[in-house]
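Following: one structure in structure tokens, then a few remarks.
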There are 2 protein chains.
Amino acid sequence: MAGRKIRFAIVGLDHRHVYNHTRLLLNAGAEFAAYYSDKPELIAEYAAAYPGIRAAGSLAEVLEDPAIDLIAGSPMPARRAEISVLAMRHGKDVVVDKPAVVSFDELERVQQVQRETGRIWCLYSNEHHGRRCTVLAERLVAEGAIGSVVQTTGFGPHSISLAPRPAWFWDRTVSGGIIADLGAHQFEQFLFFTGSRTASIVHAQTGNFAHPGHPEFEDYGEVSVTGDGGIGWFRVDWYSPGALGAPGDIRLFLLGTDGYMEMRKYFDAGRPAGERLLVV
Amino acid sequence: MAGRKIRFAIVGLDHRHVYNHTRLLLNAGAEFAAYYSDKPELIAEYAAAYPGIRAAGSLAEVLEDPAIDLIAGSPMPARRAEISVLAMRHGKDVVVDKPAVVSFDELERVQQVQRETGRIWCLYSNEHHGRRCTVLAERLVAEGAIGSVVQTTGFGPHSISLAPRPAWFWDRTVSGGIIADLGAHQFEQFLFFTGSRTASIVHAQTGNFAHPGHPEFEDYGEVSVTGDGGIGWFRVDWYSPGALGAPGDIRLFLLGTDGYMEMRKYFDAGRPAGERLLVV
């Protein structure tokens, strides 16, 4: 590919993270070739943001286009593994949204196809890569600012009313449930900051305390995890008031042997707008 | 006792919480009769703070003084249950420091003697009763400010270097271990704020990540608990730098169905000194 830009296509407009993917790739210098959604009603808003780009008529059209090198985007969670597999089998690299898979079977299939095809398959987790405070924490931890990271604590509260929620959002078989959907960020950051390569869940629970109209829905979840590099705990929920005007008061705490850090990812209650990293 | 003040004695000067007990009782209008410590070397500093008060020569002298109505103070954790029992058996009420007991056997014995004697036996937990932010949160939660409390998250980091640590501090059989010692605050607040009367520990672990010189010592602990009024998780540790000049950056988060609260109990990093309550 020497001498030409990487060309990407966006597949799936179901979550607004698709805008993160598009910006990320354009900022990195990639060329935007086409996009596809299986839901025509989602196209208008996206098309207005990227008016010069071709809307493909089918997934096959994107997959079979040899000029496309990479697939990104945000289809419904339960479709992501399949699209990853199809993309890699068609010789394309993949940037996948979180949660990348919603079952262990899907994970195994994606890993197997990645090994067979040798394609690049990577996860874009916006609570990590899209937040400057987290990227800065990454550098400071590597420099030893807080000693050895013993534990990570994550809060992933989210506002249910910030974005319109389609019907599938309430269906755990499609969304993956709260621990896959919101917890994916938390697991990724736990593994990253403790340097763990393997980990076990030692305790997990979910509940529905505030959404009796959707009895199958999980509006609260928590997980304790032990890895080979440290331990972690997080909780996630759908209780944040929409009036916050942010995904939620999302935090990550790193407890080190010589100090600690706290990331206030979207705002810092009672202070001027903006994310913050505290290092003590 | 109509017509005269309640008279109290302090038993045990092993932890600085003894100063909280003394102030609490004096502020409430009680009369300070005497104090006793089995460690003469601890008396000088305390005597300087309360120069007019009699240092009793033995525990028996305090217990057998019919003019003393109430025993407070802070002996070593492993002595507290025994002193509670002796005090109640001698017809005295008790204000005990945390942790009040260090085993289930001790708890059962204290409860049994309390039922037999009908004395008042109560716990003073300074992270709750001694912090204005927590007392204010109590009122606001009762008024429904954040809806129904679903979950409490507690951070109990402490500085090991803030106060001189006697030899017994490193001995788990005397201190009770980190979950009894520092976790006592956390359990009390969990039960209080979720309104739980019964609860089970669903997961707990401790570790020693930063104190290799004291291999038996626990410098980290965490607990997940499920009660009949809500769920909770906390972590406690001994990693806070002494330079903070506070017990630690101790926090309590209340997650409600209609909002959340955060108590920053001793300071608020990067802001002017003082404790804070955030309500969102």
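Ligands are numbered from 1 in the order shown, chains are lettered A, B, ... in the order of the structure tokens, and residues start at 1 in each chain.
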
Next item on the list: Check every residue of chain A for an atom within 10 Å of chain B, counting only C-alpha atoms, and provide those that qualify as a count of residues only.
Entry: 44

Note to self: Quick one: residues within 7 Å of region 117-127 of chain B, only C-alpha atoms, excluding same-chain residues fewer than 6 positions away - as number ranges by chain?
What the structure shows: B: 88-89, 92-98, 185

Could you turn the residues from that selection into a file that holds N, CA, C and O atoms, as a tab-separated table (two decimals), in the first residue's frame?
```tsv
chain	number	residue	atom	x	y	z
B	88	MET	N	-20.58	-3.29	80.99
B	88	MET	CA	-22.03	-3.54	81.11
B	88	MET	C	-22.34	-4.37	82.35
B	88	MET	O	-23.32	-4.10	83.06
B	89	ARG	N	-21.49	-5.34	82.64
B	89	ARG	CA	-21.70	-6.18	83.83
B	89	ARG	C	-21.57	-5.36	85.11
B	89	ARG	O	-22.14	-5.72	86.15
B	92	LYS	N	-22.63	-0.18	83.64
B	92	LYS	CA	-22.29	1.04	82.92
B	92	LYS	C	-22.69	0.94	81.45
B	92	LYS	O	-22.67	-0.14	80.85
B	93	ASP	N	-23.04	2.09	80.87
B	93	ASP	CA	-23.26	2.16	79.44
B	93	ASP	C	-21.91	2.28	78.74
B	93	ASP	O	-20.90	2.60	79.37
B	94	VAL	N	-21.93	2.04	77.42
B	94	VAL	CA	-20.66	1.98	76.68
B	94	VAL	C	-20.76	2.74	75.35
B	94	VAL	O	-21.73	2.58	74.61
B	95	VAL	N	-19.74	3.56	75.09
B	95	VAL	CA	-19.51	4.08	73.74
B	95	VAL	C	-18.21	3.45	73.27
B	95	VAL	O	-17.15	3.68	73.87
B	96	VAL	N	-18.30	2.61	72.23
B	96	VAL	CA	-17.14	1.84	71.81
B	96	VAL	C	-16.56	2.43	70.52
B	96	VAL	O	-17.28	3.04	69.74
B	97	ASP	N	-15.25	2.26	70.37
B	97	ASP	CA	-14.60	2.71	69.14
B	97	ASP	C	-14.70	1.61	68.08
B	97	ASP	O	-14.98	0.45	68.39
B	98	LYS	N	-14.42	1.98	66.85
B	98	LYS	CA	-14.43	0.97	65.77
B	98	LYS	C	-13.02	0.41	65.59
B	98	LYS	O	-12.07	1.18	65.74
B	185	HIS	N	-15.95	1.17	59.38
B	185	HIS	CA	-16.63	2.40	58.94
B	185	HIS	C	-17.51	2.13	57.72
B	185	HIS	O	-18.61	2.65	57.59
```

Margin query: I need the residues in region 43-269 of chain B that are strand (DSSP E) according to DSSP; give them as a PyMOL selection string.
Written below: chain B and resi 54-55+70-74+93-96+121-123+149-157+199-207+220-227+231-237+251-256+259-264

Item checked: Atomic separation - CA of Ala34 (chain A) relative to CA of Val62 (chain A), Å -> 7.4 Å

Note to self: Between CA of Arg131 (chain B) and CA of Pro247 (chain B), what distance in Å does the model show, to one decimal?
What the structure shows: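 Taking CA of Arg131 (chain B) and CA of Pro247 (chain B), their separation equals 12.5 Å.
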